[in-house]
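Asks: Sharing protein.pdb (PDB, C-alpha atoms) below.
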MODEL        1
ATOM      1  CA  GLY A   1      12.439  11.460 -20.314
ATOM      2  CA  TYR A   2      15.232  14.052 -20.278
ATOM      3  CA  LEU A   3      16.260  12.986 -16.764
ATOM      4  CA  ALA A   4      16.393   9.317 -17.719
ATOM      5  CA  GLN A   5      18.456  10.037 -20.826
ATOM      6  CA  ALA A   6      20.841  12.217 -18.806
ATOM      7  CA  ALA A   7      21.211   9.494 -16.193
ATOM      8  CA  TRP A   8      21.941   6.971 -18.936
ATOM      9  CA  ARG A   9      24.740   9.135 -20.330
ATOM     10  CA  VAL A  10      26.274  10.228 -17.022
ATOM     11  CA  PHE A  11      25.972   6.949 -15.080
ATOM     12  CA  PRO A  12      26.298   4.160 -17.653
ATOM     13  CA  TRP A  13      28.393   2.165 -15.195
ATOM     14  CA  ALA A  14      25.468   1.994 -12.768
ATOM     15  CA  PHE A  15      23.160   0.414 -15.323
ATOM     16  CA  LYS A  16      25.888  -1.981 -16.464
ATOM     17  CA  ALA A  17      26.449  -2.995 -12.838
ATOM     18  CA  LEU A  18      22.701  -3.564 -12.383
ATOM     19  CA  ALA A  19      22.602  -5.708 -15.499
ATOM     20  CA  ALA A  20      25.602  -7.701 -14.251
ATOM     21  CA  LEU A  21      23.874  -8.282 -10.895
ATOM     22  CA  LEU A  22      20.698  -9.490 -12.599
ATOM     23  CA  LEU A  23      22.687 -11.871 -14.788
ATOM     24  CA  ALA A  24      24.644 -13.139 -11.772
ATOM     25  CA  ALA A  25      21.426 -13.659  -9.783
ATOM     26  CA  GLY A  26      19.890 -15.598 -12.668
ATOM     27  CA  ALA A  27      22.998 -17.763 -13.040
ATOM     28  CA  LEU A  28      23.114 -18.475  -9.314
ATOM     29  CA  GLN A  29      19.436 -19.374  -9.296
ATOM     30  CA  ILE A  30      19.872 -21.762 -12.210
ATOM     31  CA  ALA A  31      22.801 -23.388 -10.423
ATOM     32  CA  GLY A  32      20.746 -23.641  -7.213
ATOM     33  CA  LEU A  33      23.219 -21.461  -5.319
ATOM     34  CA  ALA A  34      21.033 -18.410  -4.640
ATOM     35  CA  PRO A  35      20.205 -19.262  -0.972
ATOM     36  CA  ALA A  36      23.889 -19.958  -0.264
ATOM     37  CA  ALA A  37      24.941 -16.687  -1.892
ATOM     38  CA  LEU A  38      22.369 -14.715   0.096
ATOM     39  CA  SER A  39      23.498 -16.372   3.333
ATOM     40  CA  TRP A  40      27.080 -15.483   2.423
ATOM     41  CA  PHE A  41      26.013 -11.840   2.457
ATOM     42  CA  ASP A  42      24.737 -12.402   6.033
ATOM     43  CA  LEU A  43      21.087 -11.534   5.439
ATOM     44  CA  ARG A  44      20.148 -13.765   8.389
ATOM     45  CA  LEU A  45      17.623 -15.684   6.329
ATOM     46  CA  GLU A  46      17.063 -18.178   9.113
ATOM     47  CA  GLU A  47      15.355 -15.540  11.287
ATOM     48  CA  PRO A  48      11.523 -15.709  11.238
ATOM     49  CA  ARG A  49      11.169 -12.235   9.758
ATOM     50  CA  PHE A  50      13.212 -13.264   6.698
ATOM     51  CA  GLN A  51      11.440 -16.566   6.044
ATOM     52  CA  ALA A  52       9.109 -15.012   3.467
ATOM     53  CA  VAL A  53      12.089 -13.424   1.688
ATOM     54  CA  LYS A  54      13.908 -16.752   1.681
ATOM     55  CA  GLU A  55      10.873 -18.546   0.256
ATOM     56  CA  LEU A  56      10.569 -15.986  -2.545
ATOM     57  CA  PHE A  57      14.193 -16.292  -3.607
ATOM     58  CA  GLU A  58      14.039 -20.077  -3.475
ATOM     59  CA  SER A  59      11.293 -19.943  -6.096
ATOM     60  CA  LYS A  60      12.763 -20.015  -9.604
ATOM     61  CA  ALA A  61       9.418 -18.862 -11.006
ATOM     62  CA  PHE A  62       9.531 -15.677  -8.916
ATOM     63  CA  VAL A  63      13.171 -14.929  -9.759
ATOM     64  CA  TRP A  64      12.629 -15.331 -13.475
ATOM     65  CA  LYS A  65       9.328 -13.445 -13.456
ATOM     66  CA  SER A  66      10.774 -10.523 -11.501
ATOM     67  CA  ALA A  67      13.890 -10.381 -13.705
ATOM     68  CA  VAL A  68      11.885 -10.423 -16.942
ATOM     69  CA  LEU A  69       9.379  -7.829 -15.714
ATOM     70  CA  ALA A  70      12.132  -5.568 -14.378
ATOM     71  CA  ALA A  71      14.023  -5.810 -17.676
ATOM     72  CA  ALA A  72      10.842  -5.089 -19.665
ATOM     73  CA  ALA A  73       9.956  -2.075 -17.517
ATOM     74  CA  ALA A  74      13.518  -0.706 -17.619
ATOM     75  CA  GLY A  75      13.722  -1.262 -21.383
ATOM     76  CA  GLY A  76      10.456   0.529 -22.005
ATOM     77  CA  PHE A  77      11.473   3.397 -19.744
ATOM     78  CA  PHE A  78      14.809   4.036 -21.438
ATOM     79  CA  TRP A  79      13.426   3.524 -24.941
ATOM     80  CA  ALA A  80      10.873   6.215 -24.136
ATOM     81  CA  ALA A  81      13.693   8.351 -22.727
ATOM     82  CA  LYS A  82      15.518   8.144 -26.044
ATOM     83  CA  LYS A  83      12.406   8.885 -28.111
ATOM     84  CA  MET A  84      10.863  11.704 -26.110
ATOM     85  CA  PRO A  85      13.621  14.352 -26.468
ATOM     86  CA  ALA A  86      13.541  13.968 -30.255
ATOM     87  CA  LEU A  87       9.768  14.247 -30.269
ATOM     88  CA  TYR A  88       9.898  17.332 -28.039
ATOM     89  CA  SER A  89      12.416  19.028 -30.318
ATOM     90  CA  LYS A  90      10.136  18.404 -33.308
ATOM     91  CA  ARG A  91       7.101  19.642 -31.323
ATOM     92  CA  ARG A  92       5.328  16.326 -31.788
ATOM     93  CA  TRP A  93       3.595  16.648 -28.424
ATOM     94  CA  LEU A  94       0.945  13.961 -28.813
ATOM     95  CA  GLU A  95       3.495  11.291 -29.717
ATOM     96  CA  ALA A  96       5.655  12.324 -26.745
ATOM     97  CA  VAL A  97       2.697  12.050 -24.393
ATOM     98  CA  ALA A  98       1.791   8.678 -25.891
ATOM     99  CA  TRP A  99       5.325   7.355 -25.283
ATOM    100  CA  CYS A 100       5.218   8.639 -21.717
ATOM    101  CA  ALA A 101       1.823   6.995 -21.111
ATOM    102  CA  ALA A 102       2.995   3.693 -22.636
ATOM    103  CA  CYS A 103       6.084   3.731 -20.416
ATOM    104  CA  ALA A 104       3.999   4.416 -17.296
ATOM    105  CA  ALA A 105       1.547   1.645 -18.234
ATOM    106  CA  LEU A 106       4.390  -0.846 -18.710
ATOM    107  CA  VAL A 107       5.933  -0.037 -15.331
ATOM    108  CA  PHE A 108       2.503  -0.216 -13.650
ATOM    109  CA  ALA A 109       1.754  -3.580 -15.274
ATOM    110  CA  ALA A 110       5.094  -4.995 -14.107
ATOM    111  CA  ALA A 111       4.515  -3.775 -10.553
ATOM    112  CA  SER A 112       0.967  -5.175 -10.536
ATOM    113  CA  LEU A 113       2.110  -8.616 -11.677
ATOM    114  CA  LEU A 114       4.682  -8.735  -8.857
ATOM    115  CA  SER A 115       2.439  -7.305  -6.140
ATOM    116  CA  GLY A 116       0.829 -10.669  -5.375
ATOM    117  CA  ASP A 117       4.204 -12.288  -4.703
ATOM    118  CA  LEU A 118       5.476  -9.369  -2.635
ATOM    119  CA  ASN A 119       2.277  -9.066  -0.597
ATOM    120  CA  ARG A 120       3.376 -11.844   1.778
ATOM    121  CA  LEU A 121       6.336  -9.675   2.849
ATOM    122  CA  LYS A 122       4.100  -6.968   4.243
ATOM    123  CA  SER A 123       0.876  -8.802   4.991
ATOM    124  CA  SER A 124      -0.425  -9.324   8.537
ATOM    125  CA  ARG A 125      -2.365 -12.454   7.527
ATOM    126  CA  GLY A 126       0.007 -14.917   9.207
ATOM    127  CA  PHE A 127      -0.020 -13.087  12.514
ATOM    128  CA  GLY A 128      -3.797 -12.613  12.456
ATOM    129  CA  GLU A 129      -4.314 -16.333  11.892
ATOM    130  CA  LYS A 130      -1.854 -17.174  14.680
ATOM    131  CA  LEU A 131      -3.699 -14.823  17.041
ATOM    132  CA  ALA A 132      -6.986 -16.556  16.245
ATOM    133  CA  ALA A 133      -5.399 -19.969  16.906
ATOM    134  CA  VAL A 134      -4.006 -18.834  20.268
ATOM    135  CA  ALA A 135      -7.077 -16.927  21.501
ATOM    136  CA  GLN A 136      -9.646 -19.537  20.387
ATOM    137  CA  GLY A 137     -12.556 -17.178  20.924
ATOM    138  CA  ARG A 138     -11.375 -15.709  24.223
ATOM    139  CA  PRO A 139     -11.189 -11.900  24.688
ATOM    140  CA  VAL A 140      -8.474 -10.074  22.733
ATOM    141  CA  ALA A 141      -7.155  -6.529  23.086
ATOM    142  CA  ILE A 142      -4.515  -4.474  21.285
ATOM    143  CA  TYR A 143      -2.321  -2.076  23.236
ATOM    144  CA  GLY A 144      -0.383   0.909  21.893
ATOM    145  CA  THR A 145       0.697   0.976  18.258
ATOM    146  CA  TRP A 146      -0.892  -1.604  15.974
ATOM    147  CA  ARG A 147      -1.528  -2.501  12.348
ATOM    148  CA  SER A 148      -5.016  -2.504  10.872
ATOM    149  CA  GLY A 149      -4.197  -5.752   9.065
ATOM    150  CA  ILE A 150      -4.094  -7.599  12.401
ATOM    151  CA  ILE A 151      -7.700  -6.652  13.124
ATOM    152  CA  TYR A 152      -8.761  -7.477   9.571
ATOM    153  CA  TYR A 153      -7.211 -10.943   9.470
ATOM    154  CA  TYR A 154      -8.124 -11.825  13.051
ATOM    155  CA  ASP A 155     -11.773 -11.333  12.078
ATOM    156  CA  GLY A 156     -13.141 -11.044  15.599
ATOM    157  CA  PRO A 157     -13.883  -8.435  18.279
ATOM    158  CA  ILE A 158     -10.764  -6.658  19.557
ATOM    159  CA  LYS A 159     -10.617  -4.058  22.307
ATOM    160  CA  ILE A 160      -8.310  -1.101  21.589
ATOM    161  CA  ILE A 161      -6.282   0.187  24.557
ATOM    162  CA  ALA A 162      -4.343   3.426  24.127
ATOM    163  CA  ALA A 163      -0.700   3.519  25.188
ATOM    164  CA  ALA A 164      -0.182   4.705  28.772
ATOM    165  CA  ASP A 165       1.372   8.179  28.988
ATOM    166  CA  PRO A 166       3.833   8.300  31.916
ATOM    167  CA  SER A 167       4.160  12.103  31.787
ATOM    168  CA  GLY A 168       1.609  12.560  34.589
ATOM    169  CA  LYS A 169      -0.925  14.506  32.538
ATOM    170  CA  THR A 170      -3.482  11.744  33.129
ATOM    171  CA  PRO A 171      -3.921  10.090  36.532
ATOM    172  CA  ASP A 172      -3.264   6.335  36.479
ATOM    173  CA  PRO A 173      -2.665   6.156  32.710
ATOM    174  CA  GLU A 174      -1.969   2.425  32.934
ATOM    175  CA  LYS A 175      -5.336   1.654  34.594
ATOM    176  CA  PRO A 176      -7.248   0.622  31.410
ATOM    177  CA  LEU A 177      -4.655  -2.028  30.611
ATOM    178  CA  GLU A 178      -4.316  -3.145  34.231
ATOM    179  CA  ASP A 179      -8.085  -3.491  34.631
ATOM    180  CA  THR A 180      -8.199  -5.598  31.472
ATOM    181  CA  LEU A 181      -5.432  -7.892  32.711
ATOM    182  CA  ARG A 182      -6.939  -8.258  36.187
ATOM    183  CA  ALA A 183     -10.310  -9.357  34.834
ATOM    184  CA  GLY A 184     -11.560 -12.734  35.989
ATOM    185  CA  GLU A 185     -11.292 -14.455  32.606
ATOM    186  CA  GLU A 186      -8.208 -15.048  30.495
ATOM    187  CA  VAL A 187      -7.521 -12.260  28.023
ATOM    188  CA  PHE A 188      -4.887 -11.885  25.326
ATOM    189  CA  VAL A 189      -3.202  -8.563  24.601
ATOM    190  CA  VAL A 190      -1.412  -7.887  21.302
ATOM    191  CA  MET A 191       1.527  -5.541  21.697
ATOM    192  CA  SER A 192       4.358  -4.468  19.417
ATOM    193  CA  ASP A 193       7.853  -5.187  20.679
ATOM    194  CA  SER A 194       8.614  -1.474  21.042
ATOM    195  CA  SER A 195       5.345  -0.818  22.927
ATOM    196  CA  ARG A 196       6.062  -3.699  25.280
ATOM    197  CA  ARG A 197       9.589  -2.546  26.081
ATOM    198  CA  LEU A 198       8.379   1.005  26.706
ATOM    199  CA  LEU A 199       5.489  -0.155  28.900
ATOM    200  CA  GLU A 200       7.657  -2.418  31.060
ATOM    201  CA  SER A 201      10.244   0.340  31.377
ATOM    202  CA  ASP A 202       7.703   2.963  32.523
ATOM    203  CA  PHE A 203       5.545   0.564  34.572
ATOM    204  CA  PRO A 204       7.689  -2.388  35.789
ATOM    205  CA  LYS A 205       4.701  -4.093  37.447
ATOM    206  CA  PHE A 206       3.538  -5.271  34.028
ATOM    207  CA  LYS A 207       6.536  -7.595  33.810
ATOM    208  CA  LEU A 208       4.686  -9.762  36.345
ATOM    209  CA  LEU A 209       1.229  -9.302  34.803
ATOM    210  CA  LEU A 210       2.126 -10.160  31.207
ATOM    211  CA  HIS A 211       2.925 -13.711  30.112
ATOM    212  CA  GLU A 212       4.060 -14.653  26.609
ATOM    213  CA  ALA A 213       1.591 -16.772  24.651
ATOM    214  CA  GLY A 214       3.085 -16.277  21.196
ATOM    215  CA  SER A 215       4.778 -13.875  18.819
ATOM    216  CA  GLY A 216       5.048 -13.144  15.120
ATOM    217  CA  TYR A 217       5.728 -10.541  12.462
ATOM    218  CA  ALA A 218       2.896  -8.391  11.151
ATOM    219  CA  GLY A 219       4.675  -7.137   8.072
ATOM    220  CA  ALA A 220       8.269  -7.769   7.150
ATOM    221  CA  HIS A 221      10.063  -6.478  10.211
ATOM    222  CA  ARG A 222       7.573  -5.518  12.935
ATOM    223  CA  LEU A 223       7.577  -7.970  15.818
ATOM    224  CA  PHE A 224       4.331  -8.308  17.796
ATOM    225  CA  TRP A 225       3.699 -10.239  21.005
ATOM    226  CA  ILE A 226       0.605 -12.136  22.067
ATOM    227  CA  LEU A 227       0.503 -11.716  25.849
ATOM    228  CA  SER A 228      -1.831 -13.299  28.372
ATOM    229  CA  ASN A 229      -2.846 -12.401  31.926
ATOM    230  CA  ARG A 230      -2.250 -16.026  32.919
ATOM    231  CA  PRO A 231       0.981 -18.048  32.936
ATOM    232  CA  PRO A 232       1.307 -20.484  30.009
ATOM    233  CA  GLN A 233       0.242 -24.061  30.630
ATOM    234  CA  GLY A 234       2.485 -25.431  27.879
ATOM    235  CA  PRO A 235       4.950 -24.316  25.190
ATOM    236  CA  THR A 236       4.190 -20.928  23.622
ATOM    237  CA  THR A 237       3.341 -20.511  19.944
ATOM    238  CA  ARG A 238       6.259 -18.727  18.300
TER     239      ARG A 238
ENDMDL
END
What does the file become when written as structure tokens?
Replies:
Amino acid sequence: GYLAQAAWRVFPWAFKALAALLLAAGALQIAGLAPAALSWFDLRLEEPRFQAVKELFESKAFVWKSAVLAAAAAGGFFWAAKKMPALYSKRRWLEAVAWCAACAALVFAAASLLSGDLNRLKSSRGFGEKLAAVAQGRPVAIYGTWRSGIIYYYDGPIKIIAAADPSGKTPDPEKPLEDTLRAGEEVFVVMSDSSRRLLESDFPKFKLLLHEAGSGYAGAHRLFWILSNRPPQGPTTR
């Protein structure tokens, strides 16, 4: 409470600027200019990883709900900040604790009401469903770094292959992945973009063994590839 009150007194311009931004965002949304304004700031909303963000800001319901909840949480926080120092000075401890608890509950309630809308920005559901559509019951493996949400939303057996260590501590560290790719049947390997670049840099032969079958974002910004041991027969699923 003391910190919030001190911040309010020392940095009033910051809170006024935040209020001005919220009002401007609301006005732009009402006028239907929010997507254009965001594009003007070069947020690259046309890229696949920003599609979920674009969809959220194109929803007037989300903009208004988030603005109202943010204002309610901020108002409760700073009202508590103004009340608590006075209560402390009068040694009214229970009332101070009650104000603090009410403020925390208000902020938690606001965050909970927004969590459903924001979940799509970090969820792996879309990528897991795309993986299932591409694999169609055929063997699937994950190489290197991965997200648990991919396994959860894929809802099928997935073989985990550890990243190959090129330091020489282990003989033929790339053998588990190579054996998987050289199996007789078609297999799909999920690999993050960073893991793929590192693998192909350390073991160039995988550039010929891996064929793109699809890609997507598991979370807001993490690009993952769906790679096959067979060349594509048609257009890939991006």
Asks: Starting from the point (-7.7, -5.9, 8.4), work out which residues of protein, DNA or RNA have an atom no more than 12 Å away when counting all atoms listed in the file; state them as a PyMOL selection string.
Replies: chain A and resi 123-129+146-158+218
Asks: Please define a box with edges along x, y and z of the file around all atoms of stretch 211-220 of chain A given in the file, extend it by 6 Å on each side, and return its centre and edge lengths in Å to one decimal, as JSON.
Replies:
{"center_x": 4.9, "center_y": -12.0, "center_z": 18.6, "size_x": 18.7, "size_y": 21.6, "size_z": 35.0}
Asks: In Å to one decimal, how far is atom CA of A:Ile160 from atom CA of A:Val140?
Replies: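 According to the coordinates, atom CA of A:Val140 and atom CA of A:Ile160 are separated by 9.0 Å.
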Asks: Where does the PyMOL selection byres ((chain A and resi 182-184) around 12) land in this file, that is, which residues does it pick, as a PyMOL selection string?
Replies: chain A and resi 139+175-181+185-188+206+208-210+228-230
Asks: Using only C-alpha atoms, which of A:Phe203, A:Phe108, A:Tyr143, A:Trp225 sits nearest A:Ala74?
Replies: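 With only C-alpha atoms as the atom set, the closest residue is A:Phe108.
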Asks: Taking the file as shown, find all residues satisfying the PyMOL selection byres ((chain A and resi 191-195) around 7) and write them as a list of chain:residue names.
Replies: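 Checking the PyMOL selection byres ((chain A and resi 191-195) around 7) against this file, the residues are A:Ile142, A:Tyr143, A:Gly144, A:Thr145, A:Trp146, A:Val189, A:Val190, A:Arg196, A:Arg197, A:Leu198, A:Leu199, A:Leu223, A:Phe224, A:Trp225, A:Ile226.
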Asks: Do you have the atom CA of A:Gly75-atom CA of A:Ala102 distance handy?
Replies: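 One can read the atom CA of A:Gly75 to atom CA of A:Ala102 distance as 11.9 Å.
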Asks: What's around A:Glu174 at 8 Å? Count all atoms listed in the file, leave out sequence neighbours fewer than 5 positions away in its own chain, and write the answer as a PyMOL selection string.
Replies: chain A and resi 163-165+203
Asks: Pick out the closest residue to A:Ala109 from this set: A:Ala70, A:Ser59, A:Leu227, A:Ala141. Count only C-alpha atoms.
Replies: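 Ranked by minimum distance to A:Ala109, first place goes to A:Ala70.
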Asks: Just give me the gap between atom CA of A:Ala110 and atom CA of A:Leu69 in Å, one decimal is fine.
Replies: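 Separating atom CA of A:Ala110 from atom CA of A:Leu69 is a distance of 5.4 Å.
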Asks: Ranking A:Thr170, A:Leu114, A:Ala105, A:Val134 by minimum distance to A:Ala67 and counting only C-alpha atoms, which one comes first?
Replies: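 Ranked by minimum distance to A:Ala67, first place goes to A:Leu114.
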Asks: Since the input lacks some atoms of stretch 125-145 of chain A, please model N, CA, C and O atoms and print them as a compact mmCIF listing (two decimals), keeping the file's coordinate frame.
Replies:
# COMPACT_ATOMS: atom_id res chain seq x y z
N ARG A 125 -1.50 -11.27 7.52
CA ARG A 125 -2.37 -12.45 7.53
C ARG A 125 -1.85 -13.54 8.47
O ARG A 125 -2.60 -14.09 9.28
N GLY A 126 -0.55 -13.85 8.38
CA GLY A 126 0.01 -14.92 9.21
C GLY A 126 -0.15 -14.65 10.69
O GLY A 126 -0.53 -15.55 11.46
N PHE A 127 0.10 -13.41 11.10
CA PHE A 127 -0.02 -13.09 12.51
C PHE A 127 -1.48 -13.10 12.95
O PHE A 127 -1.80 -13.55 14.05
N GLY A 128 -2.38 -12.60 12.11
CA GLY A 128 -3.80 -12.61 12.46
C GLY A 128 -4.33 -14.02 12.63
O GLY A 128 -5.10 -14.31 13.56
N GLU A 129 -3.89 -14.94 11.76
CA GLU A 129 -4.31 -16.33 11.89
C GLU A 129 -3.71 -16.98 13.13
O GLU A 129 -4.37 -17.79 13.80
N LYS A 130 -2.47 -16.63 13.47
CA LYS A 130 -1.85 -17.17 14.68
C LYS A 130 -2.58 -16.67 15.92
O LYS A 130 -2.81 -17.42 16.88
N LEU A 131 -2.96 -15.39 15.91
CA LEU A 131 -3.70 -14.82 17.04
C LEU A 131 -5.02 -15.55 17.24
O LEU A 131 -5.40 -15.87 18.38
N ALA A 132 -5.71 -15.83 16.15
CA ALA A 132 -6.99 -16.56 16.24
C ALA A 132 -6.77 -17.96 16.81
O ALA A 132 -7.58 -18.44 17.62
N ALA A 133 -5.68 -18.62 16.41
CA ALA A 133 -5.40 -19.97 16.91
C ALA A 133 -5.06 -19.96 18.39
O ALA A 133 -5.44 -20.88 19.13
N VAL A 134 -4.38 -18.92 18.85
CA VAL A 134 -4.01 -18.83 20.27
C VAL A 134 -5.21 -18.45 21.13
O VAL A 134 -5.47 -19.05 22.18
N ALA A 135 -5.97 -17.44 20.69
CA ALA A 135 -7.08 -16.93 21.50
C ALA A 135 -8.24 -17.91 21.56
O ALA A 135 -8.89 -18.05 22.60
N GLN A 136 -8.56 -18.57 20.45
CA GLN A 136 -9.65 -19.54 20.39
C GLN A 136 -10.95 -18.98 20.96
O GLN A 136 -11.62 -19.61 21.77
N GLY A 137 -11.29 -17.78 20.53
CA GLY A 137 -12.56 -17.18 20.92
C GLY A 137 -12.55 -16.41 22.23
O GLY A 137 -13.56 -15.79 22.59
N ARG A 138 -11.45 -16.45 22.96
CA ARG A 138 -11.38 -15.71 24.22
C ARG A 138 -11.09 -14.23 23.95
O ARG A 138 -10.67 -13.87 22.86
N PRO A 139 -11.33 -13.34 24.92
CA PRO A 139 -11.19 -11.90 24.69
C PRO A 139 -9.78 -11.52 24.22
O PRO A 139 -8.78 -12.07 24.69
N VAL A 140 -9.74 -10.56 23.30
CA VAL A 140 -8.47 -10.07 22.73
C VAL A 140 -8.47 -8.55 22.77
O VAL A 140 -9.49 -7.90 22.52
N ALA A 141 -7.32 -7.99 23.09
CA ALA A 141 -7.16 -6.53 23.09
C ALA A 141 -5.84 -6.19 22.39
O ALA A 141 -4.93 -7.02 22.30
N ILE A 142 -5.75 -4.98 21.89
CA ILE A 142 -4.51 -4.47 21.28
C ILE A 142 -4.10 -3.23 22.05
O ILE A 142 -4.90 -2.32 22.26
N TYR A 143 -2.82 -3.21 22.44
CA TYR A 143 -2.32 -2.08 23.24
C TYR A 143 -1.30 -1.29 22.43
O TYR A 143 -0.43 -1.86 21.77
N GLY A 144 -1.39 0.04 22.52
CA GLY A 144 -0.38 0.91 21.89
C GLY A 144 -0.48 0.92 20.38
O GLY A 144 -1.57 0.89 19.80
N THR A 145 0.66 0.94 19.72
CA THR A 145 0.70 0.98 18.26
C THR A 145 0.29 -0.38 17.69
O THR A 145 0.61 -1.42 18.26
